[in-house]
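Contents: one structure, followed by commentary.
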Amino acid sequence: MKLTLHRFELPLKHPFTIARGTTSVQRLVVVALEQDGQVGYGETPETAYYQASTQSITEAIERVRGQIEASVLGEPAVLWDDLYPKLVDARFALCAIDMAAHDLWGKLRGAAVWKLWGLGLENLPLTDITIGIDTVEVMVEKLHEFPNWPIYKIKLGTSRDLEIVRTLRRHTRAVFRVDANCAWGVDEAIAKAAALKPLGVEFLEQPLPPDDWEGMRRLYRESALPIIADESCRIEADVDHCAKCFHGVNIKLIKCGGLTPARRMIARARQLGLRTMVGCMTESTVSISAIAQLLPLLDYVDMDGALLLAGDLASGVRIEQGRVIYPHENGCGVRLLRA
């Protein structure tokens, strides 16, 4: 295989605020793997919360360049297992490689990845669209930018959380999901869950800090709404930890290291009776197309990252009113629009 790296800086349509900060530009590293005239693409974003910069991601990938370029791609999981010992502490880098390997694998075999996994596209979950924290008036404007969307994910973690949701509810009958990004305490979360349930909120995502396991066990027992883990579920071992503390897990490819471990995490969550979700950060259609391959395995999905960008860098899956539309392409269906 031939390995090529690209770096991008993609402006967002609007500054995007969650409980721990604001972003206006998303920096990304894109991996291209080429073999036998086909090219597969994978991606990972820079994320300060997880101490992953484009420089550190690039440096980690360069550590395994020789190993990758000496390989002939077979099953992507085999490549993942071979690279894991050197990238165990660089899962963002491993994710980009694994995405690219799956995209290339499907293109070499002339089929979409979901089809090669033996999956079908019936009864797929709809994706939400995320409304970042802002003034109530601006959050209403953001909601109206995506009118009649079936599900809105509302970022909270402010002194006016209930006011925000009550105001947004006056503008739509859609399902709401709430993500506090670790900003609440346990008593606050219990009280807000009770207040939010009548407002049509489907579940709460990671309301407590990720290390507050005692609080999460109490919240799991007392919450009026289901609780979905995000920051508490990063790698495969975390799925077992989340049982009896959460009702489901939100698996992010960049945190766990790609499609290969994500499939194992989904399977383990099912065994434990947990609901399954895959989420994203602000990412391009490269990542979103990879997430789409997992859709038949999920209860919920949050794959709106590319919709928040002012301009995309790739073609692949499209999303219309929450519904995923797959391209007539093999692999994950990704084509890079600029280099």
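Each chain in the structure tokens gets a letter, A, B and so on, in the order shown; residues start at 1 in every chain, and ligands are counted from 1 in the order they appear.
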
Which residues are near region 27-42 of chain A? Cut-off 10 Å, only C-alpha atoms, ignore same chain within fewer than 6 positions. Put them as a VMD selection string.
chain A and resid 1 to 11 53 to 55 57 to 58 61 68 to 69 71 to 73 92 to 108 258 282 to 287 289 to 290 313 to 314 330 to 336 339

Mind the document's chain letters and residue numbers, and return as a PyMOL selection string the residues of region 30-216 of chain A that DSSP labels alpha helix (DSSP H).
chain A and resi 54-63+65-69+76-87+91-109+113-116+136-145+161-169+186-196+213-216

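Among the candidates A:Phe203, A:Pro226, A:Ser159, A:Gly248, the one nearest to Glu188 (chain A) when counting only C-alpha atoms is A:Ser159.
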
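As for CA of Ala180 (chain A) and CA of Met139 (chain A), they are spaced 15.3 Å apart.
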
Distance query Ala193 (chain A) at most 12 Å, only C-alpha atoms, self and fewer than 2 positions along chain excluded, as a PyMOL selection string:
chain A and resi 161-162+165+177-180+184-191+195-205+207+219-220+222-227

Pull N, CA and C atoms from the residues just selected and write them as an mmCIF file, in the first residue's frame.
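Okay, part-v6.cif is ready:
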```
data_model
loop_
_atom_site.group_PDB
_atom_site.id
_atom_site.type_symbol
_atom_site.label_atom_id
_atom_site.label_comp_id
_atom_site.auth_asym_id
_atom_site.auth_seq_id
_atom_site.Cartn_x
_atom_site.Cartn_y
_atom_site.Cartn_z
ATOM 1 N N ASP A 161 -30.630 25.944 31.328
ATOM 2 C CA ASP A 161 -30.883 24.735 30.539
ATOM 3 C C ASP A 161 -32.363 24.490 30.280
ATOM 4 N N LEU A 162 -33.172 24.553 31.317
ATOM 5 C CA LEU A 162 -34.598 24.252 31.140
ATOM 6 C C LEU A 162 -35.286 25.312 30.298
ATOM 7 N N VAL A 165 -34.645 24.479 26.582
ATOM 8 C CA VAL A 165 -35.438 23.374 26.035
ATOM 9 C C VAL A 165 -36.908 23.773 25.921
ATOM 10 N N ARG A 177 -32.941 15.229 22.075
ATOM 11 C CA ARG A 177 -31.931 14.544 22.881
ATOM 12 C C ARG A 177 -31.103 15.627 23.561
ATOM 13 N N VAL A 178 -30.647 15.366 24.768
ATOM 14 C CA VAL A 178 -29.893 16.361 25.519
ATOM 15 C C VAL A 178 -28.511 15.829 25.840
ATOM 16 N N ASP A 179 -27.491 16.643 25.569
ATOM 17 C CA ASP A 179 -26.101 16.288 25.858
ATOM 18 C C ASP A 179 -25.482 17.390 26.708
ATOM 19 N N ALA A 180 -25.167 17.058 27.965
ATOM 20 C CA ALA A 180 -24.597 18.045 28.888
ATOM 21 C C ALA A 180 -23.076 18.007 28.932
ATOM 22 N N TRP A 184 -23.062 18.453 34.606
ATOM 23 C CA TRP A 184 -23.999 18.447 35.722
ATOM 24 C C TRP A 184 -23.476 17.608 36.882
ATOM 25 N N GLY A 185 -24.017 17.865 38.065
ATOM 26 C CA GLY A 185 -23.856 16.983 39.209
ATOM 27 C C GLY A 185 -25.002 16.006 39.258
ATOM 28 N N VAL A 186 -24.926 15.009 40.140
ATOM 29 C CA VAL A 186 -25.928 13.948 40.135
ATOM 30 C C VAL A 186 -27.298 14.456 40.566
ATOM 31 N N ASP A 187 -27.378 15.276 41.605
ATOM 32 C CA ASP A 187 -28.683 15.798 42.024
ATOM 33 C C ASP A 187 -29.297 16.671 40.928
ATOM 34 N N GLU A 188 -28.459 17.485 40.296
ATOM 35 C CA GLU A 188 -28.921 18.330 39.199
ATOM 36 C C GLU A 188 -29.448 17.476 38.053
ATOM 37 N N ALA A 189 -28.734 16.412 37.716
ATOM 38 C CA ALA A 189 -29.145 15.548 36.606
ATOM 39 C C ALA A 189 -30.477 14.859 36.899
ATOM 40 N N ILE A 190 -30.660 14.390 38.136
ATOM 41 C CA ILE A 190 -31.919 13.740 38.496
ATOM 42 C C ILE A 190 -33.078 14.723 38.375
ATOM 43 N N ALA A 191 -32.882 15.937 38.881
ATOM 44 C CA ALA A 191 -33.939 16.947 38.822
ATOM 45 C C ALA A 191 -34.236 17.355 37.386
ATOM 46 N N ALA A 195 -37.652 17.078 34.850
ATOM 47 C CA ALA A 195 -38.242 18.249 34.195
ATOM 48 C C ALA A 195 -38.224 18.134 32.676
ATOM 49 N N LEU A 196 -37.233 17.441 32.129
ATOM 50 C CA LEU A 196 -37.073 17.359 30.683
ATOM 51 C C LEU A 196 -37.945 16.285 30.033
ATOM 52 N N LYS A 197 -38.282 15.256 30.773
ATOM 53 C CA LYS A 197 -39.070 14.164 30.183
ATOM 54 C C LYS A 197 -40.389 14.650 29.593
ATOM 55 N N PRO A 198 -41.164 15.497 30.301
ATOM 56 C CA PRO A 198 -42.429 15.975 29.702
ATOM 57 C C PRO A 198 -42.226 16.877 28.490
ATOM 58 N N LEU A 199 -40.980 17.332 28.268
ATOM 59 C CA LEU A 199 -40.694 18.204 27.137
ATOM 60 C C LEU A 199 -40.278 17.419 25.892
ATOM 61 N N GLY A 200 -40.472 16.116 25.920
ATOM 62 C CA GLY A 200 -40.192 15.300 24.744
ATOM 63 C C GLY A 200 -38.732 14.964 24.546
ATOM 64 N N VAL A 201 -37.963 14.895 25.632
ATOM 65 C CA VAL A 201 -36.551 14.511 25.550
ATOM 66 C C VAL A 201 -36.455 12.987 25.596
ATOM 67 N N GLU A 202 -35.714 12.423 24.679
ATOM 68 C CA GLU A 202 -35.613 10.963 24.539
ATOM 69 C C GLU A 202 -34.617 10.360 25.522
ATOM 70 N N PHE A 203 -33.459 10.997 25.676
ATOM 71 C CA PHE A 203 -32.451 10.527 26.631
ATOM 72 C C PHE A 203 -31.473 11.644 26.958
ATOM 73 N N LEU A 204 -30.686 11.420 28.008
ATOM 74 C CA LEU A 204 -29.599 12.312 28.399
ATOM 75 C C LEU A 204 -28.280 11.651 28.052
ATOM 76 N N GLU A 205 -27.383 12.418 27.463
ATOM 77 C CA GLU A 205 -26.062 11.899 27.121
ATOM 78 C C GLU A 205 -25.015 12.487 28.064
ATOM 79 N N PRO A 207 -24.347 13.185 31.339
ATOM 80 C CA PRO A 207 -24.566 14.382 32.156
ATOM 81 C C PRO A 207 -23.502 14.599 33.228
ATOM 82 N N LEU A 219 -27.683 7.773 39.394
ATOM 83 C CA LEU A 219 -28.473 8.372 38.324
ATOM 84 C C LEU A 219 -29.161 7.301 37.489
ATOM 85 N N TYR A 220 -28.470 6.216 37.220
ATOM 86 C CA TYR A 220 -29.037 5.091 36.458
ATOM 87 C C TYR A 220 -30.297 4.566 37.146
ATOM 88 N N GLU A 222 -32.248 6.303 39.407
ATOM 89 C CA GLU A 222 -33.249 7.307 39.759
ATOM 90 C C GLU A 222 -33.690 8.206 38.611
ATOM 91 N N SER A 223 -32.979 8.182 37.479
ATOM 92 C CA SER A 223 -33.305 9.100 36.389
ATOM 93 C C SER A 223 -34.643 8.772 35.736
ATOM 94 N N ALA A 224 -35.395 9.819 35.437
ATOM 95 C CA ALA A 224 -36.651 9.643 34.701
ATOM 96 C C ALA A 224 -36.410 9.354 33.227
ATOM 97 N N LEU A 225 -35.173 9.587 32.753
ATOM 98 C CA LEU A 225 -34.818 9.379 31.354
ATOM 99 C C LEU A 225 -33.661 8.395 31.238
ATOM 100 N N PRO A 226 -33.563 7.675 30.125
ATOM 101 C CA PRO A 226 -32.381 6.831 29.903
ATOM 102 C C PRO A 226 -31.113 7.688 29.834
ATOM 103 N N ILE A 227 -30.008 7.098 30.265
ATOM 104 C CA ILE A 227 -28.713 7.773 30.286
ATOM 105 C C ILE A 227 -27.776 7.050 29.330
#
```

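One finds CA of Val136 (chain A) at 16.3 Å from CA of Thr22 (chain A).
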
Quick one: residues within 8 Å of Thr260 (chain A), only C-alpha atoms, excluding same-chain residues fewer than 2 positions away - as a PyMOL selection string?
chain A and resi 76-77+80+98+257-258+262-264

Write out as a count of residues only which residues come within 12 Å of Phe246 (chain A) when counting only C-alpha atoms, dropping same-chain ones fewer than 2 positions away.
43
